[in-house]
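*Asks:* There's a structure below that I have some questions on.
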Amino acid sequence: MKLRKLFPKLLLVLVAFCVLLFLLSPIIAVVGGSFNDGGYFAFPPKSVSLRQYRAALTNKEHLESLAASLKVATYSTVVASLLCVPACVALAKTSNPIVNKVKTLFMAPIFLPGIVWAVGLLQCMGFLRIQGSLAILICVHTVIVTPYMIRIVGASMDNFNYTLEDAAASLGAPPLTTFFRITLPNIMSGIVVGMVFSFMISFSDVVITLFVSSSSFTTFPVRVYAAMRTEGLDPMVLAYSAIIIVVVLSISILGEKFAHWSKHFSTML
Amino acid sequence: MKKLLCLLLALIVLTSLTACGEKPAPVPSSDPAPGKTTEDEANVDKPFEGETLVVGVWGGTIEKVLRESVVEPMEEELGCSIELVLGGSSDRVVKLYTEKDNPSMDVYGLNIRESADAIINGVAAPVNPELSNFDQLYDFAQVGGYGQSIMAYGICYNNELVTEPITSWKDLWRPELKGKIAFSNFPGSEGAAIIYVTAEAWGLDLENDPDAVFAKLAELGPFPFFYTNLDELFLEIEQGNVHAAAIFNSYSNDYIAQGFPCTFVYPSDPGAILAKDTWVIAKNSKHMALAEEFVNRCIGVEAQTAYAEEIFFSPCNKNVKVSDEVAEKLVYGDDVSSLVTMEWDVITENEEEFTEKWNRMVVMAK
Amino acid sequence: MLELKNISKSYKQHRVLDDVNLTVNDGEMVALLGPSGSGKTTILRLIAGFLENDSGAILVDGVDIASIPSYKRNIGVVFQDYALFPHMTVEQNVAFGLKMHKVGSAEIKERLDAALRLVGLEDYKSRYPSQLSGGQQQRVAIARVVAIRAKVMLLDEPLSNLDAKLRRQVRVELRELQQKLDITTLIVTHDQEEAMTMGDRIAILNDGYIQQIGDGMQLYKKPVNRFVAGFLGTPSINFLPLTVAPGIARLSKIDIGLSELESGLGITLEPNEYELGVRPEDFSIVPDSPIKSKVKLVERLGAETLVYFEIDNRVCCCRANMGNIPTQDDEISLSIDYTSTPVFDSKSGICLNNR
Amino acid sequence: MFRAKYNKMDAMLIPLALLFFIFFVIPFIMLLYNSFLTYTGKVEPGLPITVQNYIKFFKDSYYPAVIGRTFYISIVTTLMVTVLAYPLAYFMAGIKGYLKTIMLVLVTLPLISGVMVQNMGMYGMMTNYGTINLFLMALHIIEEPVQLLGNNIAVIIGLTQGFLPFMILPVMNALQAIPENVLQASESLGANKVRQFLHITLPMSFGGCIAGAVLVFGASLSSYTTPTILGRGKCQVIGTVVYQQAMQLFNWPFASSIAMLLLLLILLIVPITKILSRRRREGGVL
């Protein structure tokens, strides 16, 4: 391979690697910084210790907000899947154009600015004299994750062969049985990936939750955001984020192993 | 098809019910009838048994002292449970205004300006003079909410880099300090204080000619940054990016204690500005009696002394006695009278206009 | 016994089926033949219950099933792409129908094995559809229908996804199986060879209505109209314009004897414009005849040789017997065996000498 | 034709549509309504309907400057994201197997782990005592820490890092959609690698770029946390102004009017990209 021929390939790999490094630099900094022993952020860490992790796991305040985040994410993912899967079935099979207009509405939360929606939400709650409770937060998060769910589940339904449903009917299976025994198992991988994805999007939301969650029910990212504004870059917070990153990474790798996770990404955006 | 539909609806109703039915601990369940428990003769010694009071307060050292001096003893004696919600005062103010008819918190720890505004705007209950410890407070601590601790807004500077000691607010305008000064952002009480000080120090009329004040302030610029957290500020002072910062005495005491090369000074003309952490009770709080009991204990001698001795927060209670060595760190005794009381309403009234001027002239100062 | 009575169906003002009547007797296998888009698959989906017909009745053993939902009709359907459940093994696929009919597990095992033995796939039970060949998948689809003992079986172009060689082999197997099980069957196809070999009777469908029903040879020999004649037979029939005037008959500018023509056709023709349908095998090359032409192309296909020539710049084709095979550009003269040539009214296309 | 009978299924959309209407549509209506009220103190916006808020926005020279800055940041961010994302997407489209899945997982990791982690990491690296300054000082390129945070550049770098995945994935899909034989055909017709790229690959992946650009531009226009954290109060964009008006000054009408203007800007992007890509669509690429 003459060097002249090899050169463009090498250049591409080098540039691609640098961009990837730039993309992952904050994550590397956060994980690196979490092992720092000192009181302030330092990456590469001056002295390595697990002090931050011990402090993190014993801090009641953060643990509580972590629990809150997990609770909201779980509930909203469940409600989202209960609402989105049937919606996807209907969207896949509908023939009238109005329903497709509804689909663009479901996609709106990705495009429309979160801050605008948040201000509107807050005023509605003020107007209706209701305070930011868990139920409202769950509904709001369900709306946040719907676009991702609809996109991923919808895509896995597109490559589902509908004659299977006709075949099942001809063999005597009523519509409900057909759905649960034939359609659902075949689109299950899309649903699982959609749910995992929605869980993480809901878990990491800041802007909307900052506005809507009531004072006594702060989720973890909001707590981190508030802490960053007042107490600065506290390494203990980095420890939490490092744990989250590791968890997210392992879920992604597992997801890749079992459900060809990356196949769904191309449809996600 | 019908079966599929109702199955789905049932599932949704079920999940949302479990979501709000199973109340997680932190979300306060609004107590059905506060009055009922007090008449209950059975446990007269624990009048507030079963009631939950939610208090919004700053975290860190303040929370620690409050728990030891007020929260634990109260839960012991009255049988109620007190839940502390930590965070900055600006986050609490948002909740106070947006949840005014159905507040999720009962007692709010705010700064001098926010508490005064809250009462004027009718979202917080006016001060109740019948509290037993009320009359022990300094007079300025009895107005615009219940004063908890006094703070003096002065200047803290890096004594290694600033050779010639700073004595008055005007010293900030020394040429060698230009571009090396940091203060907190406006709208916010510290930001408001520095605007007021600039007007007073240079004899400018804030009400009729605010532009001159902001122009004067802009002369100090460009400002390295507007600090929101203290760790960072003192790191920047230590490294010499910032030579002097307008800040509260209580905050800088902590960092000076940690060995930062700084000196805090109560500057002259017009002198250090009086500020205070203040308690207000939400107007529509459902635990008014319990809230007033909590505030009464906070402004009592015992709690105020704990604040002074443990975290050097100057007491608002006149009867608090502390050793001279502690007193030296506090705004105590006759120092209190030397503090300048700021009239906030000038700033409160045209807060919006001043915000625009601040953003355009100060933030963008060259 | 499956009967379709006056079935019509239109979709968004486009009339897809127009007054279709068809009867499939018990144990009989009828082939529904027509070009793509003729509406044959719609008929199949109507019978199976995947579509509702606008009017008419679908009777199975005298009972109208139009109002019964598809999963209660017990009509077996074998789809073009087999539609096997990818997440189930062969065994689970075949047992699925039985489970749906709430059959006892012992009986399920027994009928399952019988069906798989019938299609010769007993030892493929635990395989998944993706692990089977096209032919095997096709047989599992049939086993699935056989297992539920459907009264009527519908085959939707079952062979079109197989390669040529496999297609001929499966065609024979399918036919044997149908006769052994004696199920009333309707097979939908666009391949006339398939229809001719498999169907006891063939129904030709075009533009949504049935052109003609009958056994293979009857349709081939006595087409009811121009479309049926043109559709059956490869290479297809040659159409030559025929003008008849009092006493004379001109076949696209070539005079042929009127009396000889009429005696062959068996009917008398009023002076009019007609079209004569001449099958390649009805042309024969003779030393001399009024019909002269030049050979354009000779196609040697091994068993037979086809000769292409032009009459009045219309390309026609005839079969040359082994003896005299002309070469390209030869001048040849042809004779027509009028006894087996249909004649059509040029406007309506209806066959006039349909004996 | 085959699914005609399924429109009974449309009823299954109702629960989700209902939830959306209550929690998504009504807030926007409320916003529109509030943007026409007058500011009567912190508690409740007053009744007299006025267009005052919108006028004020354009009258006062400060706010158009905010819009200008927001647009400047968004445009530069979108350009930088496109320039940086394309090589990585091109590389990822070219590889197969295990390496590709690892790369995909890594590329989506920032997206999933949330915006806070990115901002914190970026903040940590750019502070005066942070990684970048330490690194530069270690190499003696600079003697004392450089002020990186608190200006537009810091925000642009932060947004670029945050929105890279939004561009990488669509471009990668577009590149993968180019059939292999099209490239070989161009090669057989005499195009060398460079011309092949310019005349075939680039135009055909243009659709992906536009899709990504729309996402990135819209998202950076309405960004809030990154400008607040990396801008350290000195970088006022539309998002921070809306927050300041709503959550600090409680001027709901004015905050709502700015929010509506931002919404209008976002909704304008879609038709603009349609016009931009009209030429593309004749080529059936988008």
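Chain labels A, B, ... are given in the sequence in which chains occur in the structure tokens; within each chain residues are numbered consecutively from 1, and ligands are likewise numbered from 1 in the order shown.
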Distance cut-off 10 Å, counting only C-alpha atoms - which residues of chain A neighbour chain C? Return them as a PyMOL selection string.
*Replies:* chain A and resi 161-175+177-178+181-183+185-186
*Asks:* Selected residues, C-alpha atoms, written as a short mmCIF file (atom, residue, chain, number, x, y, z; two decimals), in the first residue's frame, please.
*Replies:*
```cif
data_model
loop_
_atom_site.label_atom_id
_atom_site.label_comp_id
_atom_site.auth_asym_id
_atom_site.auth_seq_id
_atom_site.Cartn_x
_atom_site.Cartn_y
_atom_site.Cartn_z
CA ASN A 161 -45.22 -8.52 8.24
CA TYR A 162 -48.96 -7.92 8.71
CA THR A 163 -49.98 -11.04 6.75
CA LEU A 164 -48.97 -12.90 9.94
CA GLU A 165 -52.02 -11.37 11.58
CA ASP A 166 -54.22 -12.55 8.68
CA ALA A 167 -52.68 -16.00 8.97
CA ALA A 168 -53.40 -16.11 12.71
CA ALA A 169 -56.99 -14.99 12.08
CA SER A 170 -57.46 -17.69 9.49
CA LEU A 171 -56.25 -20.21 12.06
CA GLY A 172 -58.97 -19.10 14.45
CA ALA A 173 -57.21 -16.52 16.63
CA PRO A 174 -59.44 -13.57 17.69
CA PRO A 175 -57.89 -10.07 17.29
CA THR A 177 -55.08 -13.12 20.94
CA THR A 178 -53.49 -12.30 17.60
CA ARG A 181 -49.38 -13.91 20.72
CA ILE A 182 -48.25 -12.87 17.26
CA THR A 183 -47.79 -9.11 16.86
CA PRO A 185 -43.64 -10.93 20.44
CA ASN A 186 -42.37 -9.82 17.06
#
```
*Asks:* Name the residues in contact with region 275-278 of chain C at a cut-off of 6 Å, using only C-alpha atoms, excluding same-chain residues fewer than 5 positions from it; report them as a PDB file with all heavy atoms, in the first residue's frame.
*Replies:*
```
ATOM      1  N   ILE C 237     -52.085 -17.050 -28.827  1.00  0.00           N
ATOM      2  CA  ILE C 237     -52.860 -17.167 -30.078  1.00  0.00           C
ATOM      3  C   ILE C 237     -52.570 -15.973 -30.998  1.00  0.00           C
ATOM      4  O   ILE C 237     -52.215 -14.892 -30.521  1.00  0.00           O
ATOM      5  CB  ILE C 237     -54.375 -17.218 -29.723  1.00  0.00           C
ATOM      6  CG1 ILE C 237     -55.203 -17.753 -30.906  1.00  0.00           C
ATOM      7  CG2 ILE C 237     -54.888 -15.867 -29.275  1.00  0.00           C
ATOM      8  CD1 ILE C 237     -56.642 -18.102 -30.457  1.00  0.00           C
ATOM      9  N   ASN C 238     -52.639 -16.202 -32.334  1.00  0.00           N
ATOM     10  CA  ASN C 238     -52.447 -15.082 -33.271  1.00  0.00           C
ATOM     11  C   ASN C 238     -53.826 -14.556 -33.664  1.00  0.00           C
ATOM     12  O   ASN C 238     -54.721 -15.343 -34.008  1.00  0.00           O
ATOM     13  CB  ASN C 238     -51.742 -15.587 -34.546  1.00  0.00           C
ATOM     14  CG  ASN C 238     -50.451 -16.315 -34.186  1.00  0.00           C
ATOM     15  OD1 ASN C 238     -49.577 -15.737 -33.581  1.00  0.00           O
ATOM     16  ND2 ASN C 238     -50.390 -17.621 -34.525  1.00  0.00           N
ATOM     17  N   PHE C 239     -54.015 -13.249 -33.573  1.00  0.00           N
ATOM     18  CA  PHE C 239     -55.288 -12.665 -33.979  1.00  0.00           C
ATOM     19  C   PHE C 239     -55.116 -12.027 -35.370  1.00  0.00           C
ATOM     20  O   PHE C 239     -54.217 -11.209 -35.566  1.00  0.00           O
ATOM     21  CB  PHE C 239     -55.746 -11.580 -32.984  1.00  0.00           C
ATOM     22  CG  PHE C 239     -56.230 -12.156 -31.687  1.00  0.00           C
ATOM     23  CD1 PHE C 239     -55.484 -12.023 -30.521  1.00  0.00           C
ATOM     24  CD2 PHE C 239     -57.420 -12.871 -31.640  1.00  0.00           C
ATOM     25  CE1 PHE C 239     -55.933 -12.576 -29.325  1.00  0.00           C
ATOM     26  CE2 PHE C 239     -57.876 -13.427 -30.447  1.00  0.00           C
ATOM     27  CZ  PHE C 239     -57.128 -13.283 -29.292  1.00  0.00           C
ATOM     28  N   LEU C 240     -55.946 -12.456 -36.333  1.00  0.00           N
ATOM     29  CA  LEU C 240     -55.839 -11.884 -37.688  1.00  0.00           C
ATOM     30  C   LEU C 240     -57.172 -11.219 -38.040  1.00  0.00           C
ATOM     31  O   LEU C 240     -58.241 -11.827 -37.846  1.00  0.00           O
ATOM     32  CB  LEU C 240     -55.519 -12.999 -38.704  1.00  0.00           C
ATOM     33  CG  LEU C 240     -54.159 -13.686 -38.466  1.00  0.00           C
ATOM     34  CD1 LEU C 240     -54.009 -14.903 -39.402  1.00  0.00           C
ATOM     35  CD2 LEU C 240     -53.027 -12.684 -38.710  1.00  0.00           C
ATOM     36  N   PRO C 241     -57.145  -9.976 -38.528  1.00  0.00           N
ATOM     37  CA  PRO C 241     -58.414  -9.302 -38.883  1.00  0.00           C
ATOM     38  C   PRO C 241     -59.064  -9.994 -40.084  1.00  0.00           C
ATOM     39  O   PRO C 241     -58.380 -10.343 -41.053  1.00  0.00           O
ATOM     40  CB  PRO C 241     -57.971  -7.878 -39.264  1.00  0.00           C
ATOM     41  CG  PRO C 241     -56.531  -7.993 -39.614  1.00  0.00           C
ATOM     42  CD  PRO C 241     -55.982  -9.167 -38.851  1.00  0.00           C
ATOM     43  N   LEU C 242     -60.369 -10.258 -39.979  1.00  0.00           N
ATOM     44  CA  LEU C 242     -61.102 -10.957 -41.057  1.00  0.00           C
ATOM     45  C   LEU C 242     -62.251 -10.065 -41.508  1.00  0.00           C
ATOM     46  O   LEU C 242     -63.039  -9.610 -40.681  1.00  0.00           O
ATOM     47  CB  LEU C 242     -61.673 -12.278 -40.511  1.00  0.00           C
ATOM     48  CG  LEU C 242     -62.594 -13.081 -41.450  1.00  0.00           C
ATOM     49  CD1 LEU C 242     -61.774 -13.670 -42.619  1.00  0.00           C
ATOM     50  CD2 LEU C 242     -63.257 -14.235 -40.683  1.00  0.00           C
ATOM     51  N   THR C 341     -60.524 -23.108 -35.243  1.00  0.00           N
ATOM     52  CA  THR C 341     -60.159 -21.690 -34.965  1.00  0.00           C
ATOM     53  C   THR C 341     -61.410 -20.914 -34.558  1.00  0.00           C
ATOM     54  O   THR C 341     -62.418 -20.959 -35.276  1.00  0.00           O
ATOM     55  CB  THR C 341     -59.594 -21.025 -36.237  1.00  0.00           C
ATOM     56  OG1 THR C 341     -60.548 -21.278 -37.283  1.00  0.00           O
ATOM     57  CG2 THR C 341     -58.249 -21.546 -36.612  1.00  0.00           C
ATOM     58  N   PRO C 342     -61.360 -20.254 -33.380  1.00  0.00           N
ATOM     59  CA  PRO C 342     -62.501 -19.427 -32.952  1.00  0.00           C
ATOM     60  C   PRO C 342     -62.513 -18.110 -33.738  1.00  0.00           C
ATOM     61  O   PRO C 342     -61.444 -17.605 -34.112  1.00  0.00           O
ATOM     62  CB  PRO C 342     -62.192 -19.150 -31.478  1.00  0.00           C
ATOM     63  CG  PRO C 342     -60.712 -19.289 -31.341  1.00  0.00           C
ATOM     64  CD  PRO C 342     -60.237 -20.209 -32.444  1.00  0.00           C
ATOM     65  N   VAL C 343     -63.724 -17.592 -33.983  1.00  0.00           N
ATOM     66  CA  VAL C 343     -63.828 -16.292 -34.660  1.00  0.00           C
ATOM     67  C   VAL C 343     -64.557 -15.327 -33.736  1.00  0.00           C
ATOM     68  O   VAL C 343     -65.479 -15.741 -32.988  1.00  0.00           O
ATOM     69  CB  VAL C 343     -64.584 -16.443 -36.018  1.00  0.00           C
ATOM     70  CG1 VAL C 343     -66.042 -16.850 -35.780  1.00  0.00           C
ATOM     71  CG2 VAL C 343     -64.519 -15.154 -36.810  1.00  0.00           C
ATOM     72  N   PHE C 344     -64.080 -14.107 -33.649  1.00  0.00           N
ATOM     73  CA  PHE C 344     -64.613 -13.169 -32.664  1.00  0.00           C
ATOM     74  C   PHE C 344     -65.200 -11.957 -33.379  1.00  0.00           C
ATOM     75  O   PHE C 344     -64.672 -11.509 -34.385  1.00  0.00           O
ATOM     76  CB  PHE C 344     -63.505 -12.669 -31.712  1.00  0.00           C
ATOM     77  CG  PHE C 344     -62.752 -13.795 -31.054  1.00  0.00           C
ATOM     78  CD1 PHE C 344     -61.533 -14.220 -31.546  1.00  0.00           C
ATOM     79  CD2 PHE C 344     -63.306 -14.446 -29.947  1.00  0.00           C
ATOM     80  CE1 PHE C 344     -60.859 -15.269 -30.939  1.00  0.00           C
ATOM     81  CE2 PHE C 344     -62.612 -15.486 -29.355  1.00  0.00           C
ATOM     82  CZ  PHE C 344     -61.386 -15.909 -29.849  1.00  0.00           C
ATOM     83  N   SER C 346     -65.359  -8.304 -33.887  1.00  0.00           N
ATOM     84  CA  SER C 346     -64.222  -7.393 -33.596  1.00  0.00           C
ATOM     85  C   SER C 346     -64.616  -6.329 -32.585  1.00  0.00           C
ATOM     86  O   SER C 346     -63.787  -5.891 -31.805  1.00  0.00           O
ATOM     87  CB  SER C 346     -63.748  -6.716 -34.897  1.00  0.00           C
ATOM     88  OG  SER C 346     -64.825  -5.920 -35.375  1.00  0.00           O
TER      89      SER C 346
END
```
*Asks:* In Å to one decimal, how far is CA of Leu37 (chain D) from CA of Met247 (chain D)?
*Replies:*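 Computed distance, CA of Met247 (chain D) to CA of Leu37 (chain D), equals 17.3 Å.
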*Asks:* Write out as an NGL selection string every residue belonging to chain D that has an atom at most 9 Å from any atom of chain B, counting only C-alpha atoms.
*Replies:* :D and (8-9 or 11-12 or 15 or 41-43 or 60-63 or 128-129 or 145 or 147 or 149-150 or 232-236 or 244-251)
*Asks:* Hey, can you spit out that residue selection with C-alpha atoms as a PDB file, in the first residue's frame?
*Replies:*
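File produced: out.pdb:
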```pdb
ATOM      1  CA  LYS D   8     -61.703   1.145  14.378  1.00  0.00           C
ATOM      2  CA  MET D   9     -58.177   0.920  15.777  1.00  0.00           C
ATOM      3  CA  ALA D  11     -59.645   4.758  18.943  1.00  0.00           C
ATOM      4  CA  MET D  12     -56.459   3.382  20.517  1.00  0.00           C
ATOM      5  CA  PRO D  15     -55.516   7.973  25.585  1.00  0.00           C
ATOM      6  CA  GLY D  41     -47.075  42.656  40.100  1.00  0.00           C
ATOM      7  CA  LYS D  42     -45.500  39.344  40.891  1.00  0.00           C
ATOM      8  CA  VAL D  43     -48.567  37.406  41.839  1.00  0.00           C
ATOM      9  CA  ASP D  60     -35.628  48.013  24.108  1.00  0.00           C
ATOM     10  CA  SER D  61     -32.248  47.541  22.368  1.00  0.00           C
ATOM     11  CA  TYR D  62     -31.147  44.855  24.855  1.00  0.00           C
ATOM     12  CA  TYR D  63     -33.483  42.046  23.719  1.00  0.00           C
ATOM     13  CA  ASN D 128      -9.101  28.199  35.464  1.00  0.00           C
ATOM     14  CA  TYR D 129      -7.819  25.298  37.539  1.00  0.00           C
ATOM     15  CA  PRO D 145      -4.624  30.219  33.580  1.00  0.00           C
ATOM     16  CA  GLN D 147     -10.242  32.673  31.298  1.00  0.00           C
ATOM     17  CA  LEU D 149     -15.557  30.217  30.725  1.00  0.00           C
ATOM     18  CA  GLY D 150     -18.065  33.032  30.739  1.00  0.00           C
ATOM     19  CA  ARG D 232     -21.521  31.846  34.045  1.00  0.00           C
ATOM     20  CA  GLY D 233     -24.204  34.534  33.894  1.00  0.00           C
ATOM     21  CA  LYS D 234     -22.380  36.525  31.233  1.00  0.00           C
ATOM     22  CA  CYS D 235     -23.960  34.857  28.197  1.00  0.00           C
ATOM     23  CA  GLN D 236     -27.598  35.929  27.960  1.00  0.00           C
ATOM     24  CA  GLN D 244     -34.876  35.246  34.407  1.00  0.00           C
ATOM     25  CA  GLN D 245     -38.186  36.926  33.525  1.00  0.00           C
ATOM     26  CA  ALA D 246     -40.264  33.924  34.623  1.00  0.00           C
ATOM     27  CA  MET D 247     -38.444  32.574  37.622  1.00  0.00           C
ATOM     28  CA  GLN D 248     -36.729  35.624  39.106  1.00  0.00           C
ATOM     29  CA  LEU D 249     -38.831  38.610  38.118  1.00  0.00           C
ATOM     30  CA  PHE D 250     -42.113  36.649  37.852  1.00  0.00           C
ATOM     31  CA  ASN D 251     -43.063  38.776  34.855  1.00  0.00           C
TER      32      ASN D 251
END
```
*Asks:* Which residues of chain A have any atom within 7 Å of an atom in chain D when counting only C-alpha atoms, and what is the closest pair of atoms for each, with the distance in Å to one decimal? Order the rows by chain and rising number and write it as CSV.
*Replies:*
```
residue,atom,partner,partner_atom,distance
A:Leu12,CA,D:Pro87,CA,6.6
A:Val13,CA,D:Phe91,CA,6.9
A:Val15,CA,D:Pro87,CA,6.8
A:Ala16,CA,D:Leu88,CA,4.3
A:Val19,CA,D:Leu84,CA,6.3
A:Leu23,CA,D:Gln161,CA,5.5
A:Pro26,CA,D:Gly121,CA,3.8
A:Ile27,CA,D:Gly121,CA,6.1
A:Ala29,CA,D:Gly121,CA,5.3
A:Val30,CA,D:Gly121,CA,5.0
A:Phe41,CA,D:Gly124,CA,6.4
A:Ala42,CA,D:Gly130,CA,6.3
A:Phe43,CA,D:Thr131,CA,5.6
A:Pro44,CA,D:Thr131,CA,6.9
A:Leu83,CA,D:Leu16,CA,5.5
A:Cys84,CA,D:Leu16,CA,6.8
A:Pro86,CA,D:Met12,CA,5.7
A:Ala87,CA,D:Leu13,CA,4.7
A:Ala90,CA,D:Asp10,CA,5.2
A:Lys93,CA,D:Arg3,CA,6.2
A:Thr94,CA,D:Asn7,CA,5.5
A:Ser95,CA,D:Ala4,CA,6.7
A:Phe111,CA,D:Gly218,CA,6.5
A:Leu112,CA,D:Leu263,CA,6.8
A:Pro113,CA,D:Ser222,CA,5.1
A:Ile115,CA,D:Gly239,CA,6.6
A:Val116,CA,D:Ala259,CA,5.1
A:Trp117,CA,D:Pro27,CA,6.5
A:Gly120,CA,D:Pro27,CA,4.3
A:Leu121,CA,D:Pro27,CA,5.0
A:Cys124,CA,D:Pro27,CA,6.1
A:Val140,CA,D:Phe23,CA,6.4
A:Val143,CA,D:Phe20,CA,6.5
A:Met200,CA,D:Ile112,CA,5.8
A:Ile201,CA,D:Ile112,CA,6.1
A:Ser204,CA,D:Gly114,CA,4.7
A:Asp205,CA,D:Gly114,CA,6.8
A:Pro221,CA,D:Met116,CA,6.7
A:Ser241,CA,D:Val117,CA,6.5
A:Ile245,CA,D:Ser113,CA,6.0
A:Val248,CA,D:Ser113,CA,6.7
A:Leu249,CA,D:Leu109,CA,6.9
A:Ser252,CA,D:Val105,CA,6.3
A:Ser262,CA,D:Leu104,CA,6.3
A:Ser266,CA,D:Leu169,CA,6.2
A:Leu269,CA,D:Pro170,CA,6.6
```
*Asks:* What lies within 7 Å of region 70-77 of chain A using only C-alpha atoms, ignoring chain neighbours under 2 positions off, as number ranges by chain?
*Replies:* A: 66-68, 79-81, 138-139, 141-142, 195, 198-199, 202-203
*Asks:* Write out, as a tab-separated table (two decimals), in the first residue's frame, the residues just selected, with N, CA, C and O atoms.
*Replies:*
```tsv
chain	number	residue	atom	x	y	z
A	66	LEU	N	-32.05	10.68	44.06
A	66	LEU	CA	-31.80	9.61	43.10
A	66	LEU	C	-33.01	8.68	43.06
A	66	LEU	O	-33.53	8.32	41.98
A	67	ALA	N	-33.52	8.36	44.27
A	67	ALA	CA	-34.71	7.48	44.35
A	67	ALA	C	-35.87	8.16	43.61
A	67	ALA	O	-36.59	7.54	42.81
A	68	ALA	N	-36.01	9.45	43.83
A	68	ALA	CA	-37.11	10.18	43.17
A	68	ALA	C	-36.97	10.07	41.65
A	68	ALA	O	-37.93	9.76	40.94
A	79	VAL	N	-45.99	4.04	31.87
A	79	VAL	CA	-47.20	4.69	31.33
A	79	VAL	C	-46.98	4.99	29.85
A	79	VAL	O	-47.86	4.74	29.01
A	80	ALA	N	-45.78	5.42	29.51
A	80	ALA	CA	-45.50	5.76	28.10
A	80	ALA	C	-45.68	4.52	27.22
A	80	ALA	O	-46.32	4.58	26.17
A	81	SER	N	-45.16	3.39	27.71
A	81	SER	CA	-45.27	2.20	26.83
A	81	SER	C	-46.72	1.75	26.75
A	81	SER	O	-47.20	1.38	25.67
A	138	ILE	N	-44.99	12.65	36.37
A	138	ILE	CA	-44.99	11.43	35.56
A	138	ILE	C	-45.67	11.70	34.21
A	138	ILE	O	-45.15	11.34	33.15
A	139	CYS	N	-46.79	12.40	34.25
A	139	CYS	CA	-47.48	12.69	32.98
A	139	CYS	C	-46.56	13.54	32.08
A	139	CYS	O	-46.42	13.28	30.88
A	141	HIS	N	-43.31	13.71	32.11
A	141	HIS	CA	-42.20	12.90	31.58
A	141	HIS	C	-42.69	11.93	30.51
A	141	HIS	O	-41.97	11.63	29.56
A	142	THR	N	-43.93	11.46	30.68
A	142	THR	CA	-44.47	10.57	29.63
A	142	THR	C	-44.49	11.32	28.30
A	142	THR	O	-44.12	10.77	27.26
A	195	MET	N	-38.31	1.36	25.62
A	195	MET	CA	-38.51	1.62	27.05
A	195	MET	C	-37.19	2.00	27.72
A	195	MET	O	-37.11	2.98	28.46
A	198	SER	N	-36.36	5.47	26.73
A	198	SER	CA	-37.22	6.48	27.36
A	198	SER	C	-36.85	6.63	28.83
A	198	SER	O	-36.81	7.74	29.36
A	199	PHE	N	-36.53	5.48	29.47
A	199	PHE	CA	-36.17	5.56	30.90
A	199	PHE	C	-35.01	6.53	31.08
A	199	PHE	O	-35.02	7.43	31.92
A	202	SER	N	-35.92	10.19	30.42
A	202	SER	CA	-36.71	10.75	31.54
A	202	SER	C	-35.81	10.97	32.75
A	202	SER	O	-35.89	11.98	33.43
A	203	PHE	N	-34.91	10.00	32.98
A	203	PHE	CA	-34.05	10.08	34.18
A	203	PHE	C	-33.18	11.33	34.11
A	203	PHE	O	-32.91	11.98	35.11
```
*Asks:* Quick one: everything within 8 Å of Gly50 (chain B), counting only C-alpha atoms, minus sequence neighbours fewer than 3 positions away in the same chain. Send it as number ranges by chain.
*Replies:* B: 79-81
*Asks:* Please identify every residue of chain C that has at least one atom no farther than 10 Å from an atom of chain D, counting only C-alpha atoms, and for each give the shortest atom pair and the distance in Å to one decimal, arranged by chain then increasing number, as a tab-separated table.
*Replies:*
```
residue	atom	partner	partner_atom	distance
C:Tyr11	CA	D:Met1	CA	7.1
C:Lys12	CA	D:Met1	CA	9.1
C:Thr42	CA	D:Phe2	CA	9.0
C:Arg45	CA	D:Phe2	CA	8.7
C:Phe50	CA	D:Phe2	CA	7.5
C:Leu51	CA	D:Phe2	CA	7.0
C:Glu52	CA	D:Lys5	CA	8.3
```
*Asks:* CA of Ala93 (chain D) and CA of Leu175 (chain D), how far apart in Å?
*Replies:*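 Atom-to-atom, CA of Leu175 (chain D) and CA of Ala93 (chain D) are spaced 6.2 Å apart.
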*Asks:* Run DSSP on the backbone and grab whatever in region 88-283 of chain C lands in helix (DSSP H, G or I); send it over as a PyMOL selection string.
*Replies:* chain C and resi 90-100+105-118+122-124+129-131+134-147+164-181+192-198+216-221+226-231+258-265+280-282
